[in-house]
>>> print(open('work_37.txt').read())   # compact mmCIF, C-alpha atoms and all ligand atoms
# COMPACT_ATOMS: atom_id res chain seq x y z
CA MET A 1 0.73 14.02 9.59
CA SER A 2 -1.46 16.34 7.55
CA SER A 3 0.50 19.45 8.53
CA THR A 4 2.34 21.22 5.73
CA THR A 5 5.84 20.73 7.05
CA ASP A 6 7.01 17.72 9.00
CA THR A 7 9.05 18.07 12.18
CA PRO A 8 12.75 18.23 11.28
CA GLN A 9 14.55 14.99 11.95
CA THR A 10 17.58 15.03 14.20
CA SER A 11 18.15 11.32 14.27
CA THR A 12 21.72 11.31 12.98
CA ASP A 13 23.32 11.10 16.42
CA ALA A 14 20.83 8.58 17.73
CA ALA A 15 21.80 6.25 14.87
CA GLY A 16 25.20 5.99 16.53
CA ALA A 17 23.57 4.04 19.34
CA PHE A 18 23.23 1.06 17.01
CA VAL A 19 25.97 -1.52 17.25
CA VAL A 20 26.76 -3.00 13.84
CA HIS A 21 27.58 -6.73 13.77
CA PRO A 22 28.59 -7.19 10.11
CA SER A 23 27.28 -10.21 8.26
CA ALA A 24 29.86 -12.99 7.93
CA ALA A 25 28.48 -13.87 4.51
CA PRO A 26 27.34 -10.73 2.65
CA ALA A 27 26.30 -11.06 -0.97
CA THR A 28 29.17 -10.81 -3.44
CA ASP A 29 29.28 -7.75 -5.70
CA GLU A 30 28.17 -10.01 -8.55
CA VAL A 31 25.15 -11.38 -6.72
CA ARG A 32 24.13 -7.92 -5.47
CA THR A 33 24.52 -6.33 -8.89
CA ALA A 34 22.35 -9.04 -10.42
CA ALA A 35 19.73 -8.59 -7.67
CA LEU A 36 19.66 -4.83 -8.25
CA ALA A 37 19.31 -5.16 -12.02
CA ALA A 38 15.67 -6.26 -12.07
CA PRO A 39 14.26 -6.72 -8.58
CA LYS A 40 10.82 -8.28 -8.24
CA PHE A 41 8.88 -6.54 -5.47
CA GLY A 42 9.62 -7.90 -2.00
CA THR A 43 11.62 -10.98 -3.00
CA VAL A 44 15.26 -10.03 -2.39
CA PHE A 45 16.61 -8.64 0.89
CA THR A 46 19.82 -6.87 1.84
CA ASP A 47 22.66 -8.31 3.93
CA HIS A 48 21.52 -6.87 7.27
CA MET A 49 18.53 -6.05 9.43
CA ALA A 50 18.16 -3.50 12.22
CA ARG A 51 16.73 -4.71 15.50
CA ILE A 52 15.68 -3.53 18.96
CA SER A 53 14.30 -5.78 21.68
CA TRP A 54 11.76 -4.85 24.32
CA SER A 55 10.60 -6.34 27.56
CA GLN A 56 8.38 -4.82 30.17
CA GLN A 57 11.22 -5.01 32.68
CA ALA A 58 14.15 -3.80 30.56
CA GLY A 59 12.32 -1.47 28.16
CA TRP A 60 13.88 -0.94 24.70
CA HIS A 61 17.37 -2.39 24.59
CA ASP A 62 20.03 -3.96 22.36
CA ARG A 63 19.92 -1.54 19.42
CA ARG A 64 21.82 -3.39 16.72
CA VAL A 65 22.33 -4.08 13.05
CA GLU A 66 22.98 -7.75 12.40
CA ALA A 67 23.09 -10.25 9.54
CA TYR A 68 19.75 -10.75 7.80
CA GLY A 69 18.46 -14.19 8.64
CA PRO A 70 15.64 -16.38 9.92
CA LEU A 71 14.03 -15.69 13.29
CA GLN A 72 13.72 -18.63 15.59
CA LEU A 73 10.24 -18.62 17.12
CA ASP A 74 8.95 -20.85 19.87
CA PRO A 75 5.66 -22.48 18.76
CA ALA A 76 4.01 -20.68 21.69
CA CYS A 77 5.23 -17.27 20.47
CA ALA A 78 2.24 -14.98 21.02
CA VAL A 79 2.20 -13.37 17.56
CA LEU A 80 1.59 -16.74 15.91
CA HIS A 81 -1.65 -17.12 17.85
CA TYR A 82 -3.18 -13.68 18.33
CA ALA A 83 -1.58 -11.60 15.55
CA GLN A 84 -0.31 -8.83 17.80
CA GLU A 85 1.82 -7.29 15.05
CA ILE A 86 2.23 -3.94 13.26
CA PHE A 87 4.35 -2.75 10.34
CA GLU A 88 5.33 0.20 8.19
CA GLY A 89 6.45 0.69 4.60
CA LEU A 90 8.69 3.45 3.26
CA LYS A 91 11.49 3.86 0.75
CA ALA A 92 15.05 5.17 0.48
CA TYR A 93 15.66 6.97 -2.82
CA ARG A 94 19.01 7.48 -4.55
CA HIS A 95 19.35 10.87 -6.18
CA ALA A 96 21.34 11.60 -9.34
CA ASP A 97 24.36 12.79 -7.28
CA GLY A 98 24.51 9.45 -5.43
CA SER A 99 23.02 10.73 -2.14
CA VAL A 100 20.30 8.66 -0.42
CA TRP A 101 17.11 10.12 1.09
CA THR A 102 13.89 9.16 2.84
CA PHE A 103 10.50 10.81 2.26
CA ARG A 104 8.47 11.87 5.35
CA ALA A 105 9.93 9.07 7.48
CA GLY A 106 8.83 11.02 10.56
CA ALA A 107 5.22 10.49 9.49
CA ASN A 108 5.84 6.72 9.34
CA ALA A 109 7.45 6.83 12.79
CA ALA A 110 4.42 8.66 14.20
CA ARG A 111 1.98 6.24 12.56
CA PHE A 112 3.97 3.27 13.87
CA ALA A 113 3.59 4.68 17.39
CA SER A 114 -0.16 5.09 16.97
CA SER A 115 -0.49 1.58 15.50
CA ALA A 116 1.42 0.26 18.53
CA ARG A 117 -1.04 1.96 20.89
CA ARG A 118 -4.01 0.41 19.11
CA LEU A 119 -2.47 -3.09 19.13
CA ALA A 120 -1.39 -2.82 22.79
CA LEU A 121 2.26 -3.12 21.78
CA PRO A 122 4.99 -0.99 23.40
CA VAL A 123 5.45 2.41 21.76
CA LEU A 124 8.85 2.69 20.08
CA PRO A 125 10.25 6.23 20.45
CA GLU A 126 10.15 7.93 17.05
CA GLN A 127 13.89 8.68 17.27
CA ASP A 128 14.60 4.95 17.59
CA PHE A 129 12.44 4.20 14.55
CA LEU A 130 14.33 6.78 12.48
CA ALA A 131 17.73 5.79 13.84
CA ALA A 132 17.12 2.11 13.01
CA ILE A 133 16.36 3.07 9.40
CA GLU A 134 19.44 5.26 9.17
CA ALA A 135 21.70 2.61 10.65
CA LEU A 136 20.41 -0.07 8.27
CA VAL A 137 20.51 2.09 5.14
CA ARG A 138 24.05 3.26 5.94
CA THR A 139 25.21 -0.32 6.50
CA ASP A 140 23.59 -1.61 3.30
CA VAL A 141 23.91 1.58 1.22
CA ASP A 142 25.31 -0.37 -1.75
CA TRP A 143 21.89 -2.02 -1.96
CA VAL A 144 20.10 1.26 -2.75
CA PRO A 145 19.52 1.01 -6.48
CA SER A 146 19.81 3.93 -8.87
CA GLY A 147 17.57 4.20 -11.87
CA ASP A 148 14.09 5.18 -12.84
CA GLU A 149 11.46 4.19 -10.25
CA MET A 150 14.02 2.14 -8.32
CA SER A 151 14.40 2.40 -4.55
CA LEU A 152 15.20 0.49 -1.39
CA TYR A 153 11.89 -0.52 0.20
CA LEU A 154 12.09 -0.46 4.01
CA ARG A 155 9.84 -2.64 6.12
CA PRO A 156 9.89 -1.84 9.85
CA PHE A 157 7.72 -4.19 11.92
CA MET A 158 7.09 -5.23 15.50
CA TYR A 159 5.64 -8.40 16.94
CA ALA A 160 4.66 -9.91 20.28
CA SER A 161 7.55 -12.26 21.02
CA GLU A 162 6.56 -13.61 24.42
CA ASN A 163 6.13 -17.37 24.58
CA PHE A 164 2.72 -17.43 26.18
CA ILE A 165 -0.65 -18.44 24.79
CA GLY A 166 -2.78 -16.81 27.43
CA VAL A 167 -4.74 -13.88 26.06
CA ARG A 168 -3.30 -10.52 27.12
CA ALA A 169 -0.93 -7.89 25.78
CA THR A 170 2.61 -9.21 25.40
CA LEU A 171 5.36 -8.47 27.92
CA GLU A 172 8.06 -8.92 25.26
CA ALA A 173 8.38 -7.57 21.73
CA GLU A 174 10.87 -7.39 18.87
CA PHE A 175 11.23 -4.46 16.48
CA LEU A 176 13.02 -5.09 13.20
CA VAL A 177 13.68 -3.31 9.93
CA ILE A 178 14.39 -5.29 6.78
CA ALA A 179 15.13 -3.79 3.37
CA SER A 180 14.47 -4.90 -0.20
CA PRO A 181 15.60 -3.28 -3.46
CA VAL A 182 12.55 -2.64 -5.64
CA GLY A 183 11.64 -1.43 -9.09
CA PRO A 184 8.17 -0.35 -10.21
CA TYR A 185 5.49 -2.14 -8.12
CA PHE A 186 3.60 -3.36 -11.17
CA ALA A 187 6.16 -5.10 -13.37
CA SER A 188 4.47 -3.91 -16.55
CA GLY A 189 4.89 -0.26 -15.53
CA VAL A 190 2.21 2.33 -14.79
CA HIS A 191 -0.93 0.95 -16.34
CA PRO A 192 -4.51 1.37 -15.19
CA VAL A 193 -5.74 -1.37 -12.84
CA SER A 194 -9.22 -2.83 -12.59
CA ILE A 195 -11.06 -2.71 -9.27
CA TRP A 196 -13.71 -4.99 -7.83
CA VAL A 197 -15.94 -3.31 -5.23
CA ALA A 198 -16.52 -5.84 -2.43
CA GLU A 199 -19.97 -5.86 -0.90
CA ASP A 200 -19.79 -9.11 1.07
CA TYR A 201 -16.51 -8.45 2.87
CA HIS A 202 -15.14 -5.52 4.84
CA ARG A 203 -11.57 -4.91 5.93
CA ALA A 204 -12.41 -2.89 9.04
CA GLY A 205 -15.29 -1.59 11.10
CA ALA A 206 -16.12 1.02 13.71
CA GLY A 207 -13.86 0.67 16.73
CA GLY A 208 -11.70 -1.89 14.91
CA THR A 209 -8.11 -1.70 13.72
CA GLY A 210 -8.66 -0.16 10.27
CA ALA A 211 -6.64 2.97 11.08
CA ALA A 212 -3.68 0.93 12.37
CA LYS A 213 -1.14 -0.61 10.01
CA CYS A 214 -1.31 -4.21 11.20
CA GLY A 215 -0.98 -7.57 9.54
CA GLY A 216 -4.42 -8.60 10.78
CA ASN A 217 -6.11 -6.06 8.49
CA TYR A 218 -4.35 -7.64 5.55
CA ALA A 219 -5.36 -11.14 6.62
CA ALA A 220 -8.96 -9.92 6.68
CA SER A 221 -8.66 -8.48 3.15
CA LEU A 222 -7.18 -11.46 1.31
CA VAL A 223 -10.34 -13.44 0.63
CA ALA A 224 -11.93 -10.31 -0.86
CA GLN A 225 -8.80 -9.87 -2.96
CA GLN A 226 -9.24 -13.46 -4.19
CA GLU A 227 -12.85 -12.68 -5.06
CA ALA A 228 -11.61 -9.70 -7.09
CA TYR A 229 -9.29 -12.01 -9.06
CA THR A 230 -12.09 -14.46 -9.81
CA GLN A 231 -14.15 -11.51 -11.05
CA GLY A 232 -11.32 -10.63 -13.43
CA CYS A 233 -10.10 -7.62 -11.42
CA GLU A 234 -6.66 -6.88 -10.04
CA GLN A 235 -7.53 -5.10 -6.79
CA VAL A 236 -10.43 -4.84 -4.37
CA CYS A 237 -12.10 -1.69 -3.00
CA PHE A 238 -13.88 -1.90 0.34
CA LEU A 239 -17.04 -0.08 1.41
CA ASP A 240 -17.92 1.08 4.93
CA SER A 241 -19.06 -1.84 7.06
CA GLU A 242 -22.01 -0.05 8.64
CA THR A 243 -24.00 0.87 5.53
CA ASN A 244 -22.13 -0.78 2.63
CA THR A 245 -22.53 2.56 0.87
CA TYR A 246 -19.34 4.63 1.02
CA LEU A 247 -15.92 3.99 -0.53
CA GLU A 248 -13.21 3.33 2.04
CA GLU A 249 -9.99 2.16 0.40
CA LEU A 250 -8.25 -0.73 -1.33
CA GLY A 251 -6.54 -3.52 0.62
CA GLY A 252 -3.35 -1.47 0.91
CA MET A 253 -3.92 1.81 -0.93
CA ASN A 254 -6.05 4.92 -0.47
CA VAL A 255 -8.35 6.12 -3.23
CA PHE A 256 -9.05 9.45 -4.99
CA VAL A 257 -11.80 10.55 -7.39
CA VAL A 258 -11.25 13.43 -9.84
CA GLY A 259 -14.26 15.31 -11.20
CA ALA A 260 -14.52 16.58 -14.78
CA ASP A 261 -14.67 20.06 -13.20
CA GLY A 262 -11.19 19.50 -11.71
CA ARG A 263 -12.32 19.02 -8.11
CA VAL A 264 -10.71 16.15 -6.26
CA LEU A 265 -12.41 13.94 -3.67
CA THR A 266 -11.04 11.39 -1.25
CA PRO A 267 -12.82 9.48 1.53
CA GLU A 268 -12.57 11.29 4.86
CA LEU A 269 -10.77 9.51 7.69
CA THR A 270 -13.49 7.73 9.61
CA GLY A 271 -11.37 5.61 11.93
CA SER A 272 -11.60 2.55 9.69
CA ILE A 273 -9.39 3.99 6.93
CA LEU A 274 -5.58 3.96 7.04
CA GLU A 275 -4.16 7.49 6.88
CA GLY A 276 -1.66 7.12 4.07
CA VAL A 277 1.44 9.30 3.90
CA THR A 278 0.99 9.33 0.12
CA ARG A 279 -2.66 10.36 0.57
CA SER A 280 -1.79 13.31 2.79
CA SER A 281 1.09 14.36 0.51
CA ILE A 282 -1.20 14.33 -2.53
CA ILE A 283 -3.82 16.42 -0.71
CA GLN A 284 -1.06 18.92 0.12
CA LEU A 285 0.37 19.09 -3.41
CA LEU A 286 -3.04 19.43 -5.07
CA THR A 287 -4.03 22.14 -2.59
CA ASP A 288 -0.73 23.95 -3.25
CA ALA A 289 -1.61 23.89 -6.95
CA GLY A 290 -4.88 25.67 -6.20
CA ARG A 291 -7.18 22.69 -6.56
CA THR A 292 -10.13 22.04 -4.28
CA VAL A 293 -9.66 18.75 -2.42
CA GLU A 294 -12.67 17.54 -0.47
CA GLU A 295 -12.26 14.93 2.24
CA ARG A 296 -15.76 13.58 2.72
CA ARG A 297 -17.91 10.49 2.45
CA ILE A 298 -18.16 9.36 -1.18
CA SER A 299 -20.91 6.90 -1.98
CA LEU A 300 -20.45 4.15 -4.54
CA ALA A 301 -23.74 5.34 -6.11
CA GLU A 302 -22.27 8.82 -6.61
CA VAL A 303 -19.17 7.42 -8.32
CA ARG A 304 -21.19 5.06 -10.52
CA ALA A 305 -23.52 7.87 -11.60
CA GLY A 306 -20.55 10.19 -12.18
CA LEU A 307 -18.81 7.63 -14.38
CA GLU A 308 -21.99 7.19 -16.41
CA THR A 309 -22.56 10.93 -16.93
CA GLY A 310 -18.87 11.78 -17.32
CA GLU A 311 -18.84 13.96 -14.18
CA VAL A 312 -16.20 11.64 -12.73
CA ALA A 313 -13.16 11.86 -15.00
CA GLU A 314 -10.46 9.94 -13.14
CA VAL A 315 -10.06 7.53 -10.23
CA PHE A 316 -6.69 6.57 -8.79
CA ALA A 317 -5.18 4.67 -5.89
CA CYS A 318 -2.08 5.66 -3.93
CA GLY A 319 0.41 4.24 -1.45
CA THR A 320 4.16 4.07 -0.92
CA ALA A 321 4.75 0.83 -2.82
CA ALA A 322 2.95 1.66 -6.08
CA VAL A 323 2.97 5.50 -5.59
CA VAL A 324 -0.02 6.54 -7.75
CA THR A 325 -1.89 3.93 -9.77
CA PRO A 326 -4.61 4.89 -12.24
CA ILE A 327 -7.87 2.93 -12.01
CA GLY A 328 -9.24 2.18 -15.47
CA ARG A 329 -12.22 0.03 -14.60
CA LEU A 330 -14.62 -0.20 -11.66
CA ALA A 331 -16.80 -3.28 -11.36
CA GLY A 332 -19.02 -4.86 -8.74
CA ASN A 333 -22.35 -6.63 -8.29
CA GLY A 334 -24.43 -5.54 -11.28
CA PHE A 335 -22.08 -2.98 -12.82
CA ASP A 336 -18.88 -2.80 -14.86
CA LEU A 337 -17.73 0.70 -15.76
CA THR A 338 -14.76 2.13 -17.63
CA VAL A 339 -13.15 5.18 -16.02
CA GLY A 340 -12.74 7.91 -18.64
CA ASP A 341 -11.32 6.21 -21.72
CA GLY A 342 -9.68 3.56 -19.57
CA THR A 343 -6.21 5.13 -19.67
CA ALA A 344 -4.38 7.23 -17.05
CA GLY A 345 -5.94 10.70 -16.75
CA ALA A 346 -4.12 14.04 -16.74
CA VAL A 347 -4.45 14.76 -12.99
CA THR A 348 -3.36 11.21 -12.09
CA THR A 349 -0.34 11.41 -14.38
CA ALA A 350 0.67 14.88 -13.18
CA ILE A 351 0.41 14.16 -9.45
CA ARG A 352 2.39 10.95 -9.88
CA ALA A 353 5.15 12.84 -11.70
CA GLU A 354 5.23 15.66 -9.13
CA LEU A 355 5.48 13.27 -6.19
CA THR A 356 8.18 11.09 -7.71
CA ASP A 357 10.11 14.19 -8.88
CA ILE A 358 10.23 15.38 -5.25
CA GLN A 359 11.22 11.91 -4.00
CA TYR A 360 14.03 11.55 -6.54
CA GLY A 361 15.31 15.11 -6.03
CA ARG A 362 14.27 16.42 -9.43
CA LEU A 363 11.90 19.01 -7.94
CA ALA A 364 12.32 21.40 -5.01
CA ASP A 365 11.32 19.90 -1.66
CA ARG A 366 9.37 22.93 -0.45
CA HIS A 367 7.73 21.15 2.50
CA GLY A 368 10.91 19.70 4.01
CA TRP A 369 9.73 16.16 3.36
CA MET A 370 13.12 14.74 2.31
CA HIS A 371 15.80 13.71 4.78
CA ARG A 372 19.33 12.84 3.69
CA LEU A 373 20.79 9.59 5.07
CA VAL A 374 23.95 9.20 2.99
C1 LIG A 401 0.06 1.37 4.03
C2 LIG A 401 -1.34 1.49 3.63
C3 LIG A 401 -1.81 2.51 2.78
C4 LIG A 401 -0.89 3.51 2.14
O1 LIG A 401 -0.17 4.27 3.05
P1 LIG A 401 1.15 5.04 2.60
O2 LIG A 401 1.63 5.67 3.86
O3 LIG A 401 0.74 6.02 1.59
O4 LIG A 401 2.07 4.01 2.05
C5 LIG A 401 -3.16 2.58 2.53
N1 LIG A 401 -4.02 1.68 3.04
C6 LIG A 401 -3.61 0.67 3.82
C7 LIG A 401 -4.60 -0.29 4.35
C8 LIG A 401 -2.26 0.55 4.15
O5 LIG A 401 -1.88 -0.47 4.93
>>> encode(input="work_37.txt", output="structure tokens", more="lines below")
Ligand SMILES: *Cc1c(COP(=O)(O)O)cnc(C)c1O
Amino acid sequence: MSSTTDTPQTSTDAAGAFVVHPSAAPATDEVRTAALAAPKFGTVFTDHMARISWSQQAGWHDRRVEAYGPLQLDPACAVLHYAQEIFEGLKAYRHADGSVWTFRAGANAARFASSARRLALPVLPEQDFLAAIEALVRTDVDWVPSGDEMSLYLRPFMYASENFIGVRATLEAEFLVIASPVGPYFASGVHPVSIWVAEDYHRAGAGGTGAAKCGGNYAASLVAQQEAYTQGCEQVCFLDSETNTYLEELGGMNVFVVGADGRVLTPELTGSILEGVTRSSIIQLLTDAGRTVEERRISLAEVRAGLETGEVAEVFACGTAAVVTPIGRLAGNGFDLTVGDGTAGAVTTAIRAELTDIQYGRLADRHGWMHRLV
């Protein structure tokens, strides 16, 4: 994923393998237009979902696009008991000329395959992952909003669907993609968030599932997130579980530290950190611009000292949903520090603009990251 140029996608033909069963009750133009006007993140979904079923005997089969609707699960369905589940998150962007594009979807497909391996789920061929997205976006293309910071958020996921409560890897699975029109992740726009550094909870440990994108990691992070709220902070930052010393990441976003000397740091991938597509894209773009980006262990003590002396100028978080989010305040047991003057710094603002300009087609896509769907 960290390579400069992603493998070209040739999924267009494969998308033809999906049979479309149109919804009998799609949203009316009025309802859809109202939903697109001011979507609240993750609350409204399009008319259809893409789906592929798997069993050990039949392999991947039944590639289809069908009406969005509830799943009927047997109470013994394995995922409800042992959380054998993985997911992805990416967006489809409408450009000014009306065309619709994805950003580095191949990287999401590859990560989905590696998450599947870690969770002992069947590996979905990357072409199927991409074809499912294409088939769904083409079917529901009227749901791709246009407008500043608007996009169609895509949520591929897979779960163990076998009705069996014995403990072993499932022999049946379902892969689905659902889609939700979204505006800016934080309703109040890009404003610096406050971070609580958790010392009593960790999201992942050595040999665990931290590098896989699975629901279980999120379940493990929620109580720490609640603690952050009670401490008056919006998000939580986790430290390494072995020494409680080094920054890892937020519950669902990677983290960067910008020095006053212009150098940029981000925690190295240790196996317990999720390798974000946004993270690797930012490393690439900053390197292109001639900046030094160091991937290494960053201790909380180093960041605290740097904030006190002014050697640390900016801290930001990044991920597909919120893109780049400035961090204005860092607090934890025994400290409460303002980052810079508490507002978004110059590097944070510039990298956010560069990334979104590429995604929305306002800037040349020199790495071949964009792929046209419509
Ligand atoms: C998804 C995710 C990220 C961000 O990854 P992107 O590919 O940039 O969206 C970071 N951390 C965690 C734990 C995640 O689940």
>>> closest_residue(input="work_37.txt", among="A:Trp143, A:Tyr153, A:Phe129, A:Tyr82", to="Gly215 (chain A)", atoms="all atoms listed in the file")
A:Tyr82
>>> atom_distance(input="work_37.txt", atom1="CA of Ser161 (chain A)", atom2="CA of Gln72 (chain A)")
10.4 Å
>>> closest_residue(input="work_37.txt", among="A:Leu121, A:Met253, A:Ala78, A:Val182", to="Glu162 (chain A)", atoms="all atoms listed in the file")
A:Ala78
>>> residues_near_ligand(input="work_37.txt", ligand="ligand LIG 401 (chain A)", cutoff="10 Å", atoms="only C-alpha atoms and all ligand atoms", output="PyMOL selection string")
chain A and resi 86-91+104-105+107-108+111+203-204+210-215+217-218+221+248-255+272-282+317-324
>>> atom_distance(input="work_37.txt", atom1="CA of His21 (chain A)", atom2="CA of Thr139 (chain A)")
10.0 Å
>>> closest_residue(input="work_37.txt", among="A:Val303, A:Leu222, A:Leu36, A:Ala96", to="Arg362 (chain A)", atoms="only C-alpha atoms")
A:Ala96
>>> closest_atom_pairs(input="work_37.txt", of="region 179-298 of chain A", to="region 306-316 of chain A", cutoff="8 Å", atoms="only C-alpha atoms", output="Markdown table")
| residue | atom | partner | partner_atom | distance |
| --- | --- | --- | --- | --- |
| A:Val255 | CA | A:Phe316 | CA | 5.8 |
| A:Phe256 | CA | A:Phe316 | CA | 5.3 |
| A:Val257 | CA | A:Val315 | CA | 4.5 |
| A:Val258 | CA | A:Glu314 | CA | 4.9 |
| A:Gly259 | CA | A:Val312 | CA | 4.4 |
| A:Ala260 | CA | A:Ala313 | CA | 4.9 |
| A:Asp261 | CA | A:Glu311 | CA | 7.5 |
>>> closest_residue(input="work_37.txt", among="A:Tyr201, A:Tyr185, A:Trp196, A:Trp54", to="Met158 (chain A)", atoms="only C-alpha atoms")
A:Trp54
>>> residues_around(input="work_37.txt", residues="Thr348 (chain A)", least_positions_apart="3", cutoff="7 Å", atoms="all atoms listed in the file", output="tab-separated table (two decimals) with C-alpha atoms, keeping the file's coordinate frame")
chain	number	residue	atom	x	y	z
A	316	PHE	CA	-6.69	6.57	-8.79
A	326	PRO	CA	-4.61	4.89	-12.24
A	344	ALA	CA	-4.38	7.23	-17.05
A	345	GLY	CA	-5.94	10.70	-16.75
A	351	ILE	CA	0.41	14.16	-9.45
A	352	ARG	CA	2.39	10.95	-9.88
>>> atom_distance(input="work_37.txt", atom1="CA of Ser55 (chain A)", atom2="CA of Asp140 (chain A)")
27.9 Å
>>> residues_around(input="work_37.txt", residues="Phe45 (chain A)", least_positions_apart="3", cutoff="10 Å", atoms="all atoms listed in the file", output="list in words")
Arg32, Ala35, Pro39, Gly42, His48, Met49, Tyr68, Gly69, Trp143, Leu152, Tyr153, Leu154, Ile178, Ala179, Ser180, Pro181 and Val182 of chain A
>>> closest_residue(input="work_37.txt", among="A:Gln84, A:Ser151, A:Thr338, A:Gln284", to="Glu354 (chain A)", atoms="all atoms listed in the file")
A:Gln284
>>> closest_residue(input="work_37.txt", among="A:Gly332, A:Val137, A:Gly183, A:Arg372", to="Thr230 (chain A)", atoms="only C-alpha atoms")
A:Gly332
>>> residues_near_point(input="work_37.txt", point="(16.1, 0.4, 16.1)", cutoff="10 Å", atoms="all atoms listed in the file", output="PyMOL selection string")
chain A and resi 14-15+17-18+49-53+60-65+124-136+156+174-177
>>> decode(input="work_37.txt", residues="region 335-349 of chain A", atoms="N, CA and C atoms", output="PDB file, in the first residue's frame")
ATOM      1  N   PHE A 335      -1.746  16.081  32.810  1.00  0.00           N
ATOM      2  CA  PHE A 335      -1.351  17.142  31.872  1.00  0.00           C
ATOM      3  C   PHE A 335      -2.530  17.565  31.000  1.00  0.00           C
ATOM      4  N   ASP A 336      -2.466  18.785  30.520  1.00  0.00           N
ATOM      5  CA  ASP A 336      -3.510  19.338  29.652  1.00  0.00           C
ATOM      6  C   ASP A 336      -2.840  20.427  28.826  1.00  0.00           C
ATOM      7  N   LEU A 337      -2.527  20.124  27.568  1.00  0.00           N
ATOM      8  CA  LEU A 337      -1.691  21.008  26.762  1.00  0.00           C
ATOM      9  C   LEU A 337      -2.417  21.487  25.515  1.00  0.00           C
ATOM     10  N   THR A 338      -2.209  22.748  25.169  1.00  0.00           N
ATOM     11  CA  THR A 338      -2.727  23.293  23.919  1.00  0.00           C
ATOM     12  C   THR A 338      -1.683  23.052  22.840  1.00  0.00           C
ATOM     13  N   VAL A 339      -2.141  22.651  21.654  1.00  0.00           N
ATOM     14  CA  VAL A 339      -1.219  22.442  20.534  1.00  0.00           C
ATOM     15  C   VAL A 339      -1.118  23.751  19.751  1.00  0.00           C
ATOM     16  N   GLY A 340       0.078  24.297  19.651  1.00  0.00           N
ATOM     17  CA  GLY A 340       0.264  25.589  18.990  1.00  0.00           C
ATOM     18  C   GLY A 340      -0.628  26.622  19.669  1.00  0.00           C
ATOM     19  N   ASP A 341      -1.400  27.363  18.859  1.00  0.00           N
ATOM     20  CA  ASP A 341      -2.328  28.320  19.475  1.00  0.00           C
ATOM     21  C   ASP A 341      -3.744  27.740  19.546  1.00  0.00           C
ATOM     22  N   GLY A 342      -3.821  26.415  19.339  1.00  0.00           N
ATOM     23  CA  GLY A 342      -5.116  25.751  19.465  1.00  0.00           C
ATOM     24  C   GLY A 342      -5.920  25.726  18.181  1.00  0.00           C
ATOM     25  N   THR A 343      -5.429  26.381  17.133  1.00  0.00           N
ATOM     26  CA  THR A 343      -6.133  26.359  15.847  1.00  0.00           C
ATOM     27  C   THR A 343      -5.378  25.465  14.864  1.00  0.00           C
ATOM     28  N   ALA A 344      -5.984  25.204  13.695  1.00  0.00           N
ATOM     29  CA  ALA A 344      -5.361  24.329  12.698  1.00  0.00           C
ATOM     30  C   ALA A 344      -4.062  24.959  12.191  1.00  0.00           C
ATOM     31  N   GLY A 345      -2.977  24.174  12.175  1.00  0.00           N
ATOM     32  CA  GLY A 345      -1.689  24.682  11.723  1.00  0.00           C
ATOM     33  C   GLY A 345      -1.568  24.675  10.208  1.00  0.00           C
ATOM     34  N   ALA A 346      -0.482  25.276   9.712  1.00  0.00           N
ATOM     35  CA  ALA A 346      -0.300  25.458   8.268  1.00  0.00           C
ATOM     36  C   ALA A 346      -0.105  24.126   7.541  1.00  0.00           C
ATOM     37  N   VAL A 347       0.685  23.217   8.106  1.00  0.00           N
ATOM     38  CA  VAL A 347       0.939  21.933   7.433  1.00  0.00           C
ATOM     39  C   VAL A 347      -0.347  21.111   7.395  1.00  0.00           C
ATOM     40  N   THR A 348      -1.062  21.106   8.520  1.00  0.00           N
ATOM     41  CA  THR A 348      -2.333  20.367   8.613  1.00  0.00           C
ATOM     42  C   THR A 348      -3.320  20.879   7.558  1.00  0.00           C
ATOM     43  N   THR A 349      -3.456  22.200   7.489  1.00  0.00           N
ATOM     44  CA  THR A 349      -4.396  22.808   6.556  1.00  0.00           C
ATOM     45  C   THR A 349      -4.007  22.518   5.117  1.00  0.00           C
TER      46      THR A 349
END
